[in-house]
Every structure is written in C-alpha cells, then in structure tokens.
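Okay, so here's the structure we're looking at.
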Amino acid sequence: MNVELVSPENVLWSGEATQILARTLDGDIAFLPGHAPFIGALDIAVVRVWPTDGEPVAFAVHGGFVEVSDSSVSVLSDVAELANEIDVDRAKAAQERASAAVAADENDAAAAAANKRAHVRLVVAGATSDAH
Amino acid sequence: MPGGKERILKRRIASVKSTKKITRAMELIAATRVVKAMVRANQARPYASRMTSAIEDLASGGAGLSHPLLRNADEVSAVGFVVITSDRGLAGPYNSAVIKAAEREIMATQTEGKGYRLILIGKKARDYFTFRNYEVEAFFEGMTDTPSYDDAKEVALQVAEMFTDGACDQVILTYQEFISMGTQQVAVRQFLPLESLGTMAAEGSGSETGRAGYSFEPSPEGVLESLLPRYIESRLFSALLDASASEHANRQRAMKAATDNADELITKLSRELSRARQDAITTEIMEIVSGAEALGGDADVDDEIEGSVEVDFASIVAGLTAAPEVSSASATPSSAPFGVGSHEPLPDNARPPGFTIKGNNDSMLYHRPDSRSYKVTIAEVWFDTPQRAEAAGFRLAGTHPKNT
C-alpha cells in the first residue's frame, strides 16, 4: 500500500509499505494493505512504517490525522520529525524541564504535552526505550 | 571644463546609476525569492489537498456534524476581514490592489448596515487602515516574506476565536492569489463559515448513500474537533504562501521596470550631457576664433609699432655707444662708429653708398674690393677709403702686422 507522511510544509516520507503503526486518541492501531476506510485523530506518539523494502522508519508525530482510503494511508501532522532531524540534547533538556513542571503541578496540561513530545522525540531518536 | 549644465547632468546620471544598482539587486533577490516561495507553495499543496479530501470524506461519512466553526448565522451582523499585504513596499501595485479590494468590501458591508472586524497582516495594510481611522482588531507583521506554519497557526487562532466568540458571523479573506509567474490576481474569498464544508456536512448527514463506510477514532465529532482548526490553519497557510509568492513576483516585475526605466533615463541624460559638452566646446571654439580674428588686425599694427620702437631703440643704443667718440671726434654722424669716413652696415648688410672698404670688428682687418676674400666677407663696418680704415686701427687683410 502507498503511505504518505505529510506535514504542512512538505512531504516527509512517501513510498510503498507493508505495515504502518500509529496511535490515535483511543490507542494503538496498525494498518495492513486492504484496511477499511478510516479517519483517526492522532495522539503525540511514534508512527512506525515498515517499507516494502528497507529498514523500518520511525517518526515523531505531534498530533494530526491518519486517513485510510483505497489502500493508501496518509498521515497528516502539524509537526512530524524523522530520527535524524531530532536534536537529542534539546529534547532531553525539554523533557527534564517539562517533567519538573509536571511534578510541580499535576494539572499543567501544556507541560504534560511538552513532556510527551520530548519523550516521543527521544524514542524516535533511539535515545530512550519505547515505554508505551 | 564642465559648465553648470554639464555638472548637473553628471550628478543626475550618477544618482540614477546608483538607484539602478539598487533596483537591479532587488530584482535579482526577488527572482530567487519567488522561486523559493513557489517551491514552498508546491510543497504545502499535498497537505492542503489531503486535508480537504479528509474533510470531504468526513463530511460524506459523518452524521450530523456541528461545530462552532461551521456555525452559519441566519443574519450576519458583522463581517471579519483578513487582509494579507506585505511589510515592505516597492512591489508595484501588489499592496494597493489588495487594500483597495478590501476597502471596497468593507464599504459595501458598512452600507448594508453591518459592522466590520479587521485582522491585518503586513505593515502596509496597517499603515493604510490606521491612517484612515479604521478600527483594527488584530495586526500581524514579519510573516509575509517567508510565512511559516506557526505564523498561520497564530493568525488562524485569532480568526477562529473572533468567529466562535460571535464577534463576527462571517470572515472574508483578501489576498493576492499566485496563478503563475506572470499572473497574480486579487482574491476575495469567504473564509468562515466553511461554506462548502457546511453544505457537505449537511448533505453527508442527510444521505446514507454518501457514506463511504468510514470508521472514526475516537468519533466523527472528535475527529472534526481536531481537524477543523487544522483545516483553517492550512487554508490560511496556503493563502500566506500564495501572497508571499505574489509579493516577490510583483516586486521582481516592479524592480525590473525600474531598472529598465533607469537605463532609459541614463541613455537620455548621457545624450543630453554629450550635447551640452558639444555646445560648450563649440562655444569655446567660437570664442577663440572670434577673439583671434579680432586680435588679427591689431597684431599687424602691433608689429609695426614694435618694429618702429625697435628701430628707435637700436638707433638710440647706437647713438649712446657712439656718444663718447662724438665728443672726441666731434661732428661725426651717429651712424659712423669709427668717425668720419666710416659707416655701419645698412639693414640686410647692404653697402652704404660711397663706402667700399669692408671692416671686421673682431679681427680689426679690412678688405679692399680687390682683396681675395672681399666678396665673402660680411662687413661689420664700412670705410670710404683704406686710409680711413688704417686710421681707425684696421689692417689690410692678408698682410703681416710686422710689414705695416
């Protein structure tokens, strides 16, 4: 099936793939060729793509959509990053800052989201284990 | 030597040349910018088109969609205007065209008795509308040159808030649409409520056949909730990108025209300068020629005067040198350097009449007409007889001093 990862400013990745794993607001979902039409709002999470040939690719996707129709999958995201685009040091610093803010205030939604984003970035960059 | 006119022309040419350098540089910069802007607009297209198709799918598959952003007021009491212009000028009619279109819309709204809300992007729009005492709701700058998605988000948030708050019931977007390098046109589009989407949603909810069997996670409403703001952002983003490409294309054209005009002006001024210089040269030559002509007659007179003066002077000098002898030998003519019987040569070494003996002052020798070198000798003094020459201390040439 044809997979496209699109951000507002460019097409991040596109190609043929055998499987794609994403996480909607309801939970993880994997698409295989021939999946039924589907539209889902994405959570801040890692999206993994298994291309037909080549190594699996991971993206840090910070919200957006996934649409499945006619055996093609489009992931639309405001911010999506490939592993090599992620600044690990910055993400680590951001995570520390955000977790400190969360520890100080349980209800700080912005800090929680920042924490999540930093974590996802680190997972994609391979700097930390993928603790779902 | 440049005259006043030439100096002025030279200065003007220099200033036009430096202006031309600037406009040429701006033209080149704009040319590269417009290409970049086009590339960005093209790159942004997939997202916008997928977003639209997702919304369409959602509308065709979802039931009873309602969202504050789809609110369709029965009666519009106020209209919001989003006007996209540039921060900088020198882009030809780019800004004024957009501003004029927007102002026309605003006036039409006012005559219908509706209020208006202005959201301005770009300094040019702000300058225009604040100067004319329009009420400005929000103003953004520094994003029209190379708009980022975050810029679009910022504006979209403001627009969406204004709409959902009920401050206005309709939002109109005014910007310049980029069609091609050569064609850009002012677009006045309804931005909110999402009209096509509203009808799509209504149709989708109405007809079961429209459903394409989509499943939604978490729910159609949940998806719409997060999809609509993004849809607005992406539409605004593509408008910003279009406006940016249009701005650079307009600037390139304007600067090209300016450079061409400068070239033309330089040619014209250079021609004028050449003419002025030629005029100056002609005048100068005329002055010299007429001056020389005027002097020409006088010059001859002068020569005569000078000649006569010289003659007088020479005779005076001769008189002076002869003076002591005059006193001793008495009654000698002024032209007789060695007393009576001697005579100085006439002009052109001619022989004074009655004098036949040639004398040489340096050697103190005299030549008789029968002497061997008489003919070739140029007389410095003439004597009438050899005796007179001998008396003046001269010796006959060709004779030994002892023999005399």
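All residue names refer to the structure tokens as shown: chains lettered A, B, ... in order, residues numbered from 1 in each chain, ligands numbered from 1 in order.
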
Identify all chain A residues at most 9 Å from chain B by counting only C-alpha atoms; ligands do not count. Present them as a list in words.
Val6, Ser7, Pro8, Glu9, Asn10, Val11, Thr24, Leu25, Asp26, Ala36, Pro37, Phe38, Ile39, Gly40, Ala41, Leu42, Gly64, Phe65, Glu67, Val68, Ser69, Ser74, Leu76, Ser77 and Asp78 of chain A

Residues at most 12 Å from region 105-120 of chain A, counting only C-alpha atoms, excluding those fewer than 2 positions away in the same chain, as a PyMOL selection string?
chain A and resi 23+43-48+58-63+79-83+86-103+122-132

Save the residues we just selected, C-alpha atoms, as a PDB file, in the first residue's frame?
```pdb
ATOM      1  CA  ARG A  23      -1.571   5.770  17.861  1.00  0.00           C
ATOM      2  CA  ASP A  43      -2.004  11.354  19.652  1.00  0.00           C
ATOM      3  CA  ILE A  44       1.523  12.616  20.292  1.00  0.00           C
ATOM      4  CA  ALA A  45       3.305   9.370  19.599  1.00  0.00           C
ATOM      5  CA  VAL A  46       5.687   7.405  17.435  1.00  0.00           C
ATOM      6  CA  VAL A  47       4.482   6.363  13.981  1.00  0.00           C
ATOM      7  CA  ARG A  48       6.326   3.392  12.567  1.00  0.00           C
ATOM      8  CA  ALA A  58      10.088   5.849  12.877  1.00  0.00           C
ATOM      9  CA  PHE A  59       8.639   9.356  13.044  1.00  0.00           C
ATOM     10  CA  ALA A  60       7.846  11.553  15.987  1.00  0.00           C
ATOM     11  CA  VAL A  61       4.327  12.779  15.207  1.00  0.00           C
ATOM     12  CA  HIS A  62       2.890  15.509  17.392  1.00  0.00           C
ATOM     13  CA  GLY A  63      -0.819  15.261  16.754  1.00  0.00           C
ATOM     14  CA  VAL A  79       4.827  18.578  13.301  1.00  0.00           C
ATOM     15  CA  ALA A  80       6.452  15.323  12.281  1.00  0.00           C
ATOM     16  CA  GLU A  81      10.124  14.540  12.560  1.00  0.00           C
ATOM     17  CA  LEU A  82      12.471  11.856  11.337  1.00  0.00           C
ATOM     18  CA  ALA A  83      15.081  10.430  13.685  1.00  0.00           C
ATOM     19  CA  ILE A  86      15.818  15.392  16.176  1.00  0.00           C
ATOM     20  CA  ASP A  87      18.168  17.265  18.444  1.00  0.00           C
ATOM     21  CA  VAL A  88      18.609  14.720  21.281  1.00  0.00           C
ATOM     22  CA  ASP A  89      20.236  17.125  23.728  1.00  0.00           C
ATOM     23  CA  ARG A  90      17.492  19.655  23.264  1.00  0.00           C
ATOM     24  CA  ALA A  91      14.801  17.020  23.638  1.00  0.00           C
ATOM     25  CA  LYS A  92      16.435  15.744  26.846  1.00  0.00           C
ATOM     26  CA  ALA A  93      16.631  19.258  28.272  1.00  0.00           C
ATOM     27  CA  ALA A  94      12.992  19.838  27.294  1.00  0.00           C
ATOM     28  CA  GLN A  95      11.954  16.581  28.954  1.00  0.00           C
ATOM     29  CA  GLU A  96      13.702  17.493  32.195  1.00  0.00           C
ATOM     30  CA  ARG A  97      12.108  20.914  32.198  1.00  0.00           C
ATOM     31  CA  ALA A  98       8.663  19.534  31.407  1.00  0.00           C
ATOM     32  CA  SER A  99       8.768  16.707  33.957  1.00  0.00           C
ATOM     33  CA  ALA A 100       9.816  19.187  36.631  1.00  0.00           C
ATOM     34  CA  ALA A 101       6.822  21.349  35.691  1.00  0.00           C
ATOM     35  CA  VAL A 102       4.507  18.352  35.786  1.00  0.00           C
ATOM     36  CA  ALA A 103       5.869  17.337  39.189  1.00  0.00           C
ATOM     37  CA  LEU A 122      13.819  10.639  22.320  1.00  0.00           C
ATOM     38  CA  VAL A 123      12.161   7.327  21.463  1.00  0.00           C
ATOM     39  CA  VAL A 124      12.386   8.046  17.742  1.00  0.00           C
ATOM     40  CA  ALA A 125      15.982   9.205  18.066  1.00  0.00           C
ATOM     41  CA  GLY A 126      16.695   5.922  19.875  1.00  0.00           C
ATOM     42  CA  ALA A 127      17.949   7.726  22.956  1.00  0.00           C
ATOM     43  CA  THR A 128      15.476   6.026  25.265  1.00  0.00           C
ATOM     44  CA  SER A 129      13.448   2.813  25.315  1.00  0.00           C
ATOM     45  CA  ASP A 130       9.934   2.827  23.920  1.00  0.00           C
ATOM     46  CA  ALA A 131       7.890   2.565  27.102  1.00  0.00           C
ATOM     47  CA  HIS A 132       4.328   2.587  25.881  1.00  0.00           C
TER      48      HIS A 132
END
```

Here is a test: counting only C-alpha atoms, which residue of B:Gly291, B:Pro147, B:Gly359, B:Gly339 is nearest to Ala37 (chain B)?
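Closest to Ala37 (chain B), using only C-alpha atoms: B:Pro147.
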